[in-house]
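As stored in target.cif (mmCIF, C-alpha atoms and all ligand atoms):
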```
data_entry
loop_
_atom_site.group_PDB
_atom_site.id
_atom_site.type_symbol
_atom_site.label_atom_id
_atom_site.label_comp_id
_atom_site.auth_asym_id
_atom_site.auth_seq_id
_atom_site.Cartn_x
_atom_site.Cartn_y
_atom_site.Cartn_z
ATOM 1 C CA MET A 22 -4.792 -15.640 13.509
ATOM 2 C CA THR A 23 -1.515 -15.969 11.580
ATOM 3 C CA ASP A 24 1.577 -17.583 13.114
ATOM 4 C CA ALA A 25 3.269 -14.179 13.006
ATOM 5 C CA ALA A 26 0.413 -12.512 14.926
ATOM 6 C CA ARG A 27 0.474 -15.261 17.563
ATOM 7 C CA LEU A 28 4.234 -14.848 17.981
ATOM 8 C CA LEU A 29 3.932 -11.070 18.328
ATOM 9 C CA LEU A 30 1.069 -11.265 20.839
ATOM 10 C CA ASP A 31 2.909 -13.937 22.881
ATOM 11 C CA ARG A 32 6.059 -11.823 22.918
ATOM 12 C CA HIS A 33 4.620 -8.340 23.394
ATOM 13 C CA GLY A 34 0.967 -8.610 24.442
ATOM 14 C CA ASP A 35 -1.070 -5.425 24.045
ATOM 15 C CA ALA A 36 2.037 -3.500 22.904
ATOM 16 C CA VAL A 37 1.457 -4.896 19.392
ATOM 17 C CA ARG A 38 -2.287 -4.154 19.237
ATOM 18 C CA ALA A 39 -3.276 -1.534 16.672
ATOM 19 C CA ASP A 40 -6.361 -0.286 14.868
ATOM 20 C CA VAL A 41 -4.839 1.300 11.770
ATOM 21 C CA ALA A 42 -2.272 -0.274 9.449
ATOM 22 C CA LEU A 43 0.008 1.632 7.111
ATOM 23 C CA ILE A 44 1.884 0.003 4.250
ATOM 24 C CA LEU A 45 4.820 2.134 3.188
ATOM 25 C CA GLY A 46 5.968 1.712 -0.403
ATOM 26 C CA SER A 47 9.275 2.168 -2.218
ATOM 27 C CA GLY A 48 11.231 5.099 -0.762
ATOM 28 C CA LEU A 49 8.302 5.974 1.541
ATOM 29 C CA GLY A 50 9.456 4.159 4.690
ATOM 30 C CA ALA A 51 10.568 7.178 6.732
ATOM 31 C CA LEU A 52 7.194 7.593 8.444
ATOM 32 C CA ALA A 53 7.899 4.413 10.421
ATOM 33 C CA ASP A 54 10.690 6.276 12.244
ATOM 34 C CA ALA A 55 8.120 8.680 13.694
ATOM 35 C CA VAL A 56 6.220 5.892 15.489
ATOM 36 C CA GLU A 57 6.450 6.278 19.296
ATOM 37 C CA ASP A 58 6.840 3.422 21.789
ATOM 38 C CA ALA A 59 7.654 1.306 18.760
ATOM 39 C CA VAL A 60 7.901 -2.476 18.796
ATOM 40 C CA ALA A 61 9.840 -3.186 15.576
ATOM 41 C CA THR A 62 10.207 -6.705 14.210
ATOM 42 C CA PRO A 63 12.138 -7.595 11.036
ATOM 43 C CA PHE A 64 10.015 -9.560 8.556
ATOM 44 C CA ALA A 65 12.745 -12.206 8.694
ATOM 45 C CA ASP A 66 11.682 -12.955 12.312
ATOM 46 C CA LEU A 67 7.998 -13.329 11.407
ATOM 47 C CA PRO A 68 6.881 -16.809 10.309
ATOM 48 C CA GLY A 69 5.124 -16.816 6.957
ATOM 49 C CA PHE A 70 6.448 -13.394 5.974
ATOM 50 C CA PRO A 71 8.394 -13.143 2.732
ATOM 51 C CA VAL A 72 11.729 -11.373 2.996
ATOM 52 C CA SER A 73 11.847 -8.424 0.625
ATOM 53 C CA THR A 74 14.841 -8.359 -1.669
ATOM 54 C CA VAL A 75 14.348 -4.849 -3.018
ATOM 55 C CA THR A 76 16.359 -1.790 -1.985
ATOM 56 C CA GLY A 77 14.134 0.939 -0.575
ATOM 57 C CA HIS A 78 12.164 -1.652 1.409
ATOM 58 C CA ALA A 79 13.358 -2.086 4.982
ATOM 59 C CA GLY A 80 11.198 -5.125 5.718
ATOM 60 C CA ARG A 81 9.984 -4.451 9.266
ATOM 61 C CA LEU A 82 6.676 -4.424 11.081
ATOM 62 C CA VAL A 83 6.591 -1.451 13.441
ATOM 63 C CA VAL A 84 3.734 -1.198 15.949
ATOM 64 C CA GLY A 85 3.249 1.810 18.192
ATOM 65 C CA THR A 86 1.590 5.203 18.411
ATOM 66 C CA LEU A 87 1.506 7.804 15.649
ATOM 67 C CA ALA A 88 -0.485 11.033 15.934
ATOM 68 C CA GLY A 89 -2.282 9.542 18.925
ATOM 69 C CA ARG A 90 -3.442 6.406 17.049
ATOM 70 C CA ARG A 91 -2.349 2.810 17.520
ATOM 71 C CA VAL A 92 -0.699 1.940 14.219
ATOM 72 C CA ALA A 93 0.912 -1.140 12.695
ATOM 73 C CA VAL A 94 3.322 -0.057 9.985
ATOM 74 C CA LEU A 95 4.422 -2.519 7.335
ATOM 75 C CA GLN A 96 7.665 -0.899 6.264
ATOM 76 C CA GLY A 97 8.308 -2.618 2.993
ATOM 77 C CA ARG A 98 6.184 -5.225 1.240
ATOM 78 C CA ALA A 99 6.208 -8.382 -0.816
ATOM 79 C CA HIS A 100 6.024 -8.027 -4.594
ATOM 80 C CA VAL A 101 4.777 -10.370 -7.266
ATOM 81 C CA TYR A 102 7.921 -9.597 -9.303
ATOM 82 C CA GLU A 103 10.030 -11.168 -6.549
ATOM 83 C CA GLY A 104 8.272 -14.417 -7.323
ATOM 84 C CA ILE A 105 6.099 -14.138 -4.220
ATOM 85 C CA THR A 106 2.558 -15.447 -4.631
ATOM 86 C CA GLY A 107 0.074 -17.331 -2.482
ATOM 87 C CA ALA A 108 0.186 -17.274 1.326
ATOM 88 C CA PRO A 109 3.334 -15.144 1.764
ATOM 89 C CA LEU A 110 1.642 -12.381 -0.238
ATOM 90 C CA THR A 111 -1.246 -12.347 2.256
ATOM 91 C CA ALA A 112 0.802 -12.616 5.486
ATOM 92 C CA GLY A 113 1.300 -8.908 6.194
ATOM 93 C CA VAL A 114 -2.335 -7.821 5.908
ATOM 94 C CA ARG A 115 -3.681 -10.918 7.682
ATOM 95 C CA THR A 116 -1.214 -10.423 10.511
ATOM 96 C CA VAL A 117 -2.133 -6.797 11.137
ATOM 97 C CA ALA A 118 -5.830 -7.735 10.914
ATOM 98 C CA ALA A 119 -5.201 -10.296 13.679
ATOM 99 C CA LEU A 120 -3.537 -7.552 15.761
ATOM 100 C CA GLY A 121 -6.832 -5.654 15.730
ATOM 101 C CA VAL A 122 -6.463 -3.466 12.658
ATOM 102 C CA ARG A 123 -9.776 -2.395 11.043
ATOM 103 C CA THR A 124 -8.442 0.217 8.596
ATOM 104 C CA LEU A 125 -5.634 -0.116 6.074
ATOM 105 C CA LEU A 126 -3.892 2.834 4.464
ATOM 106 C CA ALA A 127 -1.649 1.589 1.665
ATOM 107 C CA THR A 128 0.934 3.720 -0.104
ATOM 108 C CA ASN A 129 3.056 3.101 -3.154
ATOM 109 C CA ALA A 130 5.341 4.720 -5.685
ATOM 110 C CA ALA A 131 3.676 4.896 -9.085
ATOM 111 C CA GLY A 132 3.988 6.295 -12.571
ATOM 112 C CA SER A 133 1.406 8.878 -13.657
ATOM 113 C CA LEU A 134 -0.610 8.584 -16.848
ATOM 114 C CA ARG A 135 -1.832 12.134 -16.377
ATOM 115 C CA PRO A 136 0.577 14.891 -17.470
ATOM 116 C CA GLU A 137 -1.078 17.317 -15.025
ATOM 117 C CA VAL A 138 -0.147 15.036 -12.102
ATOM 118 C CA PRO A 139 3.674 15.169 -12.256
ATOM 119 C CA PRO A 140 6.381 13.511 -10.108
ATOM 120 C CA GLY A 141 6.268 14.630 -6.474
ATOM 121 C CA ARG A 142 2.457 14.752 -6.367
ATOM 122 C CA LEU A 143 0.100 12.402 -4.545
ATOM 123 C CA MET A 144 -2.865 10.540 -6.037
ATOM 124 C CA LEU A 145 -5.690 9.130 -3.928
ATOM 125 C CA LEU A 146 -6.866 5.868 -5.426
ATOM 126 C CA THR A 147 -10.551 5.634 -6.263
ATOM 127 C CA ASP A 148 -10.398 2.174 -7.836
ATOM 128 C CA HIS A 149 -7.985 -0.274 -9.428
ATOM 129 C CA ILE A 150 -7.458 -2.424 -12.514
ATOM 130 C CA ASN A 151 -5.679 -5.699 -11.779
ATOM 131 C CA MET A 152 -3.376 -6.558 -14.685
ATOM 132 C CA MET A 153 -0.956 -8.531 -12.489
ATOM 133 C CA GLY A 154 -2.214 -11.851 -13.770
ATOM 134 C CA ILE A 155 -2.648 -13.177 -10.242
ATOM 135 C CA ASN A 156 -5.107 -12.889 -7.384
ATOM 136 C CA PRO A 157 -3.788 -13.373 -3.815
ATOM 137 C CA LEU A 158 -6.976 -15.239 -2.817
ATOM 138 C CA THR A 159 -6.376 -18.017 -5.356
ATOM 139 C CA GLY A 160 -6.445 -21.437 -3.694
ATOM 140 C CA PRO A 161 -8.488 -22.884 -0.840
ATOM 141 C CA ASN A 162 -10.509 -20.298 1.098
ATOM 142 C CA ASP A 163 -10.350 -20.101 4.884
ATOM 143 C CA ASP A 164 -13.965 -19.209 5.687
ATOM 144 C CA ALA A 165 -12.881 -18.016 9.139
ATOM 145 C CA LEU A 166 -10.876 -15.224 7.476
ATOM 146 C CA GLY A 167 -13.375 -14.117 4.845
ATOM 147 C CA PRO A 168 -15.764 -15.203 2.093
ATOM 148 C CA ARG A 169 -14.816 -17.236 -0.980
ATOM 149 C CA PHE A 170 -16.028 -14.510 -3.334
ATOM 150 C CA VAL A 171 -15.195 -10.948 -2.356
ATOM 151 C CA GLY A 172 -16.927 -7.897 -3.784
ATOM 152 C CA LEU A 173 -14.634 -5.046 -4.800
ATOM 153 C CA GLY A 174 -17.350 -2.559 -5.762
ATOM 154 C CA ASP A 175 -16.446 -0.284 -2.869
ATOM 155 C CA ALA A 176 -12.850 -1.399 -2.264
ATOM 156 C CA TYR A 177 -11.548 2.149 -1.731
ATOM 157 C CA ASP A 178 -13.718 3.406 1.107
ATOM 158 C CA ALA A 179 -15.717 6.540 0.245
ATOM 159 C CA GLU A 180 -15.792 7.944 3.783
ATOM 160 C CA LEU A 181 -12.031 7.480 4.128
ATOM 161 C CA ARG A 182 -11.473 9.210 0.790
ATOM 162 C CA THR A 183 -13.609 12.165 1.843
ATOM 163 C CA HIS A 184 -11.613 12.434 5.079
ATOM 164 C CA LEU A 185 -8.260 12.231 3.263
ATOM 165 C CA GLN A 186 -9.325 14.882 0.735
ATOM 166 C CA ALA A 187 -10.547 17.206 3.491
ATOM 167 C CA THR A 188 -7.301 16.689 5.413
ATOM 168 C CA ALA A 189 -5.226 17.336 2.283
ATOM 169 C CA THR A 190 -7.077 20.583 1.582
ATOM 170 C CA ALA A 191 -6.622 21.759 5.178
ATOM 171 C CA ALA A 192 -2.922 20.820 5.131
ATOM 172 C CA GLY A 193 -2.284 22.438 1.736
ATOM 173 C CA VAL A 194 -1.203 19.129 0.177
ATOM 174 C CA PRO A 195 -2.438 18.766 -3.442
ATOM 175 C CA LEU A 196 -4.163 15.386 -3.768
ATOM 176 C CA ALA A 197 -5.242 14.167 -7.214
ATOM 177 C CA GLU A 198 -7.600 11.214 -7.594
ATOM 178 C CA GLY A 199 -7.459 8.324 -9.978
ATOM 179 C CA VAL A 200 -7.530 4.677 -10.924
ATOM 180 C CA TYR A 201 -4.415 2.582 -10.222
ATOM 181 C CA LEU A 202 -3.484 -0.110 -12.692
ATOM 182 C CA ALA A 203 -1.248 -2.842 -11.272
ATOM 183 C CA VAL A 204 1.228 -4.796 -13.355
ATOM 184 C CA SER A 205 3.437 -7.590 -12.045
ATOM 185 C CA GLY A 206 6.699 -5.994 -13.223
ATOM 186 C CA PRO A 207 9.641 -6.076 -12.808
ATOM 187 C CA SER A 208 10.070 -4.555 -16.258
ATOM 188 C CA PHE A 209 8.538 -1.140 -16.688
ATOM 189 C CA GLU A 210 5.820 -0.766 -19.311
ATOM 190 C CA THR A 211 6.266 -0.141 -22.997
ATOM 191 C CA PRO A 212 4.926 3.130 -24.464
ATOM 192 C CA ALA A 213 2.269 1.053 -26.284
ATOM 193 C CA GLU A 214 1.160 -0.534 -22.999
ATOM 194 C CA ILE A 215 0.836 2.900 -21.413
ATOM 195 C CA ARG A 216 -1.302 4.115 -24.331
ATOM 196 C CA ALA A 217 -3.445 0.987 -23.937
ATOM 197 C CA PHE A 218 -3.726 1.470 -20.152
ATOM 198 C CA ARG A 219 -4.862 5.075 -20.647
ATOM 199 C CA THR A 220 -7.610 3.818 -22.967
ATOM 200 C CA LEU A 221 -8.589 1.305 -20.266
ATOM 201 C CA GLY A 222 -9.102 4.121 -17.771
ATOM 202 C CA ALA A 223 -5.876 4.060 -15.752
ATOM 203 C CA ASP A 224 -4.474 7.216 -14.155
ATOM 204 C CA ALA A 225 -1.461 5.623 -12.429
ATOM 205 C CA VAL A 226 0.551 2.446 -12.923
ATOM 206 C CA GLY A 227 2.558 0.453 -10.402
ATOM 207 C CA MET A 228 3.688 -2.993 -9.270
ATOM 208 C CA SER A 229 2.038 -3.359 -5.857
ATOM 209 C CA THR A 230 -0.913 -2.540 -3.576
ATOM 210 C CA VAL A 231 -3.669 -4.436 -5.424
ATOM 211 C CA PRO A 232 -2.869 -7.799 -3.725
ATOM 212 C CA GLU A 233 -2.940 -6.160 -0.285
ATOM 213 C CA VAL A 234 -6.183 -4.322 -1.034
ATOM 214 C CA ILE A 235 -7.834 -7.570 -2.136
ATOM 215 C CA VAL A 236 -6.653 -9.430 0.995
ATOM 216 C CA ALA A 237 -7.746 -6.510 3.189
ATOM 217 C CA ARG A 238 -11.245 -6.460 1.658
ATOM 218 C CA HIS A 239 -11.461 -10.224 2.117
ATOM 219 C CA ALA A 240 -10.695 -9.625 5.811
ATOM 220 C CA GLY A 241 -13.356 -6.889 5.963
ATOM 221 C CA LEU A 242 -10.923 -4.012 6.495
ATOM 222 C CA ARG A 243 -11.721 -0.495 5.403
ATOM 223 C CA VAL A 244 -9.147 0.519 2.764
ATOM 224 C CA GLY A 245 -7.597 3.762 1.592
ATOM 225 C CA ALA A 246 -4.625 3.986 -0.774
ATOM 226 C CA ILE A 247 -2.361 6.768 -1.976
ATOM 227 C CA SER A 248 0.218 6.755 -4.762
ATOM 228 C CA ALA A 249 3.274 8.974 -4.583
ATOM 229 C CA ILE A 250 3.905 9.802 -8.224
ATOM 230 C CA THR A 251 7.595 9.300 -9.011
ATOM 231 C CA ASN A 252 7.528 9.667 -12.800
ATOM 232 C CA LEU A 253 5.380 10.189 -15.839
ATOM 233 C CA ALA A 254 4.689 6.766 -17.304
ATOM 234 C CA GLU A 255 6.850 5.387 -20.115
ATOM 235 C CA GLY A 256 6.603 7.294 -23.370
ATOM 236 C CA MET A 257 5.268 10.450 -21.682
ATOM 237 C CA SER A 258 8.621 12.118 -20.924
ATOM 238 C CA ASP A 259 12.324 11.836 -21.734
ATOM 239 C CA THR A 260 13.308 10.657 -18.233
ATOM 240 C CA ALA A 261 14.698 7.113 -18.313
ATOM 241 C CA LEU A 262 12.809 4.909 -15.841
ATOM 242 C CA SER A 263 14.727 2.880 -13.272
ATOM 243 C CA HIS A 264 14.343 1.810 -9.655
ATOM 244 C CA GLU A 265 16.976 4.415 -8.700
ATOM 245 C CA GLN A 266 14.910 7.099 -10.439
ATOM 246 C CA THR A 267 11.827 5.878 -8.533
ATOM 247 C CA LEU A 268 13.589 6.052 -5.156
ATOM 248 C CA ALA A 269 15.132 9.476 -5.855
ATOM 249 C CA SER A 270 11.760 10.903 -6.923
ATOM 250 C CA ALA A 271 9.906 9.356 -4.000
ATOM 251 C CA VAL A 272 11.541 11.859 -1.641
ATOM 252 C CA ASP A 273 9.132 14.751 -2.398
ATOM 253 C CA GLY A 274 6.117 12.471 -2.319
ATOM 254 C CA ALA A 275 7.295 10.937 0.954
ATOM 255 C CA ARG A 276 7.351 14.353 2.615
ATOM 256 C CA ALA A 277 3.844 15.221 1.394
ATOM 257 C CA LEU A 278 2.604 11.777 2.369
ATOM 258 C CA GLN A 279 4.033 12.095 5.879
ATOM 259 C CA THR A 280 2.261 15.446 6.327
ATOM 260 C CA LEU A 281 -1.032 14.082 4.982
ATOM 261 C CA LEU A 282 -1.087 10.793 6.884
ATOM 262 C CA THR A 283 -0.002 12.340 10.185
ATOM 263 C CA ALA A 284 -2.743 14.969 9.864
ATOM 264 C CA ALA A 285 -5.367 12.405 8.814
ATOM 265 C CA LEU A 286 -4.733 9.859 11.556
ATOM 266 C CA PRO A 287 -6.288 11.503 14.633
ATOM 267 C CA ASP A 288 -9.808 11.732 13.104
ATOM 268 C CA LEU A 289 -9.566 8.817 10.708
ATOM 269 C CA PRO A 290 -13.048 7.267 10.413
HETATM 270 N N1 LIG B 1 5.521 1.788 -13.759
HETATM 271 C C1 LIG B 1 5.366 0.778 -12.873
HETATM 272 N N2 LIG B 1 5.694 0.888 -11.603
HETATM 273 C C2 LIG B 1 6.181 2.055 -11.163
HETATM 274 C C3 LIG B 1 6.375 3.147 -12.025
HETATM 275 C C4 LIG B 1 6.016 3.008 -13.401
HETATM 276 O O1 LIG B 1 6.141 3.931 -14.219
HETATM 277 N N3 LIG B 1 6.883 4.163 -11.268
HETATM 278 C C5 LIG B 1 6.983 3.686 -9.993
HETATM 279 N N4 LIG B 1 6.574 2.406 -9.930
#
```

Just give me the structure of the file as C-alpha cells.
Amino acid sequence: MTDAARLLLDRHGDAVRADVALILGSGLGALADAVEDAVATPFADLPGFPVSTVTGHAGRLVVGTLAGRRVAVLQGRAHVYEGITGAPLTAGVRTVAALGVRTLLATNAAGSLRPEVPPGRLMLLTDHINMMGINPLTGPNDDALGPRFVGLGDAYDAELRTHLQATATAAGVPLAEGVYLAVSGPSFETPAEIRAFRTLGADAVGMSTVPEVIVARHAGLRVGAISAITNLAEGMSDTALSHEQTLASAVDGARALQTLLTAALPDLP
C-alpha cells in the first residue's frame, strides 16, 4: 500500500477502487474527461508522486467508470528525462495496484521505425528493448510488493493483445504491432541511432512506458501497451522533430485510441 493509495482510500473509500488502469501519454489525455463519477486528484496532492513538468501532461489521477468498467486513469506520467528515478517513478503503478487494479493499459506517443506505419496510426506493443540506462526496480526490494527478480518473457499479455486486435478489427481501427525501444531522452535520436535501433529489432521509439511496464509486472499486473505514432523516427522523413510536433500529431492517434480503448474495456480479459 503506497501513502497515496492510503490517502485516497481514507478520503474516498470505494469510490477510488478500480480494476483497470490506463496511463495516458503525451497529447493523449482527453480520454480521462470521459470518465463518469470521476474522483480526480492532482499528482501534486498525492504523496510520493512526482509532479510532471511537461506540457501535454495534466498530472492527475482520475478514478471512475468508463465503458462500464472501474478505471484508474493516470493522466500524465513521470519521465526519466525529468530527472525522476527510483521510488517516484514507481508511485503511479504501485498506487493503482493498491486500489485494486489487476490490468494496466499503457499508452504513449512514439516515433515509428516502420515507413508503413505513419503518424496517426496505432501500434500494439509486443515487447520492448530498454535502452533507458535505468531500471525502476533498482535498489532494495520490498518482497511484499513483488519478487527481487522479475521475468519479462511475457510482459505484454498475449490474451490482452488478442482482445485488443479483435476489438480494433471490429471497430475499423488499424492496429500495427511491434517492439518499442525506450530511450531516456530528452533529446531525440540521431539518424545513426535510429539505423542502429532498427538493426536491434525496434519498430517504435519513445521516452516512456518501459519503467511502468516493469513495475506493473513486478506487481503481477497484466499489461497491454499501445503507441500512438506521432512521427517517423529521425532520419526517415523531412519533418523536424519537436515536442510541439509530437503533441500536434498525437491528435489523430488520440481519437483512434479513444475509440479502441472504449470499445475494448467492457470485455477486457
Ligand atoms: N523519439 C523518441 N520519443 C518520441 C518520438 C521519437 O521520435 N516521437 C514521440 N516520442

Per residue of chain A within 6 Å of ligand LIG 1 (chain B), what are the shortest atom pair and its distance in Å to one decimal, counting only C-alpha atoms and all ligand atoms, with rows by chain and residue number, as a tab-separated table?
```
residue	atom	partner	partner_atom	distance
A:Ala130	CA	B:LIG1	C5	4.7
A:Ala131	CA	B:LIG1	C5	3.6
A:Gly132	CA	B:LIG1	O1	3.6
A:Phe209	CA	B:LIG1	N1	5.1
A:Val226	CA	B:LIG1	N1	5.1
A:Gly227	CA	B:LIG1	N2	3.4
A:Met228	CA	B:LIG1	N2	5.0
A:Thr251	CA	B:LIG1	N3	5.7
A:Asn252	CA	B:LIG1	N3	5.7
A:Ala254	CA	B:LIG1	O1	4.4
A:Thr267	CA	B:LIG1	C5	5.5
```

When you count all atoms listed in the file, which of these residues is closest to Asp273 in chain A: A:Ala51, A:Ile155, A:Val72, A:Leu29?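 The closest residue to Asp273 in chain A is A:Ala51.
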
Between A:Ser258, A:Thr211, A:Thr183, A:Thr86, which residue has the minimum interatomic distance to Pro136 in chain A, considering all atoms listed in the file?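 Ranked by minimum distance to Pro136 in chain A, first place goes to A:Ser258.
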
Could you tell me, as a list of chain:residue names, exactly which residues end up selected when the PyMOL selection byres (((chain A and resi 27) around 12) and not hetatm) is applied to this structure? A:Met22, A:Thr23, A:Asp24, A:Ala25, A:Ala26, A:Leu28, A:Leu29, A:Leu30, A:Asp31, A:Arg32, A:His33, A:Gly34, A:Asp35, A:Val37, A:Arg38, A:Leu67, A:Pro68, A:Gly69, A:Arg115, A:Thr116, A:Val117, A:Ala118, A:Ala119, A:Leu120

Take the PyMOL selection byres (((chain A and resi 87) around 8) and not hetatm), apply it to the structure above, and return the hits as a list in words.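 Selection result, ordered by chain and number: Ala55, Val56, Glu57, Gly85, Thr86, Ala88, Gly89, Arg90, Arg91, Val92, Thr283 and Leu286 of chain A.
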
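Counting all atoms listed in the file and comparing A:Val236, A:Met257, A:Leu43, A:Ala246, the residue that lies closest to Pro109 in chain A is A:Val236.
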
So, with all atoms listed in the file as the atoms that count, which of A:Thr128, A:Thr188, A:Thr159, A:Gln279 lies closest to Met144 in chain A?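 Once distances to Met144 in chain A are computed over all atoms listed in the file, the minimum belongs to A:Thr128.
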
Please enumerate the residues selected by the PyMOL selection byres (((chain A and resi 154) around 10) and not hetatm) when evaluated against the supplied file, formatted as number ranges by chain. A: 101, 151-153, 155-156, 203-205

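Residues with any atom within 12 Å of Leu158 in chain A, counting all atoms listed in the file and excluding same-chain neighbours fewer than 3 positions away, are A:Thr106, A:Gly107, A:Ala108, A:Pro109, A:Leu110, A:Thr111, A:Ala112, A:Arg115, A:Ile155, A:Pro161, A:Asn162, A:Asp163, A:Asp164, A:Leu166, A:Gly167, A:Pro168, A:Arg169, A:Phe170, A:Val171, A:Val231, A:Pro232, A:Glu233, A:Val234, A:Ile235, A:Val236, A:Ala237, A:Arg238, A:His239, A:Ala240.
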
Provide the CA of Asp148 in chain A to CA of Thr190 in chain A distance in Å, to one decimal place. 20.9 Å

Hey, could you pull the box centre and edge lengths for range 132-136 of chain A, axis-aligned, 4 Å padding per side, all listed atoms, to one decimal in Å, as lines of an AutoDock Vina configuration file?
```
center_x = 1.1
center_y = 10.6
center_z = -15.0
size_x = 13.8
size_y = 16.6
size_z = 12.9
```

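Taking all atoms listed in the file into account, Glu214 in chain A lies nearest to A:Gly256 out of the set A:Gly256, A:Pro290, A:Gly113, A:Gly104.
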
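Proximity to Val114 in chain A was assessed for A:Phe218, A:Arg135, A:Asn129, A:Ile44 counting only C-alpha atoms; the smallest distance is recorded for A:Ile44.
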
What is the distance, in Å and to one decimal place, between CA of Thr147 in chain A and CA of Gly199 in chain A?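 So the answer is 5.5 Å.
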
Atom-to-atom span, CA of Val122 in chain A and CA of Ala187 in chain A, Å: 23.0 Å

Contacts of Ala223 in chain A at 9 Å (only C-alpha atoms; same-chain gap of 5+ positions) as a ChimeraX atom specification: /A:133-134,149-150,199-202,215,218
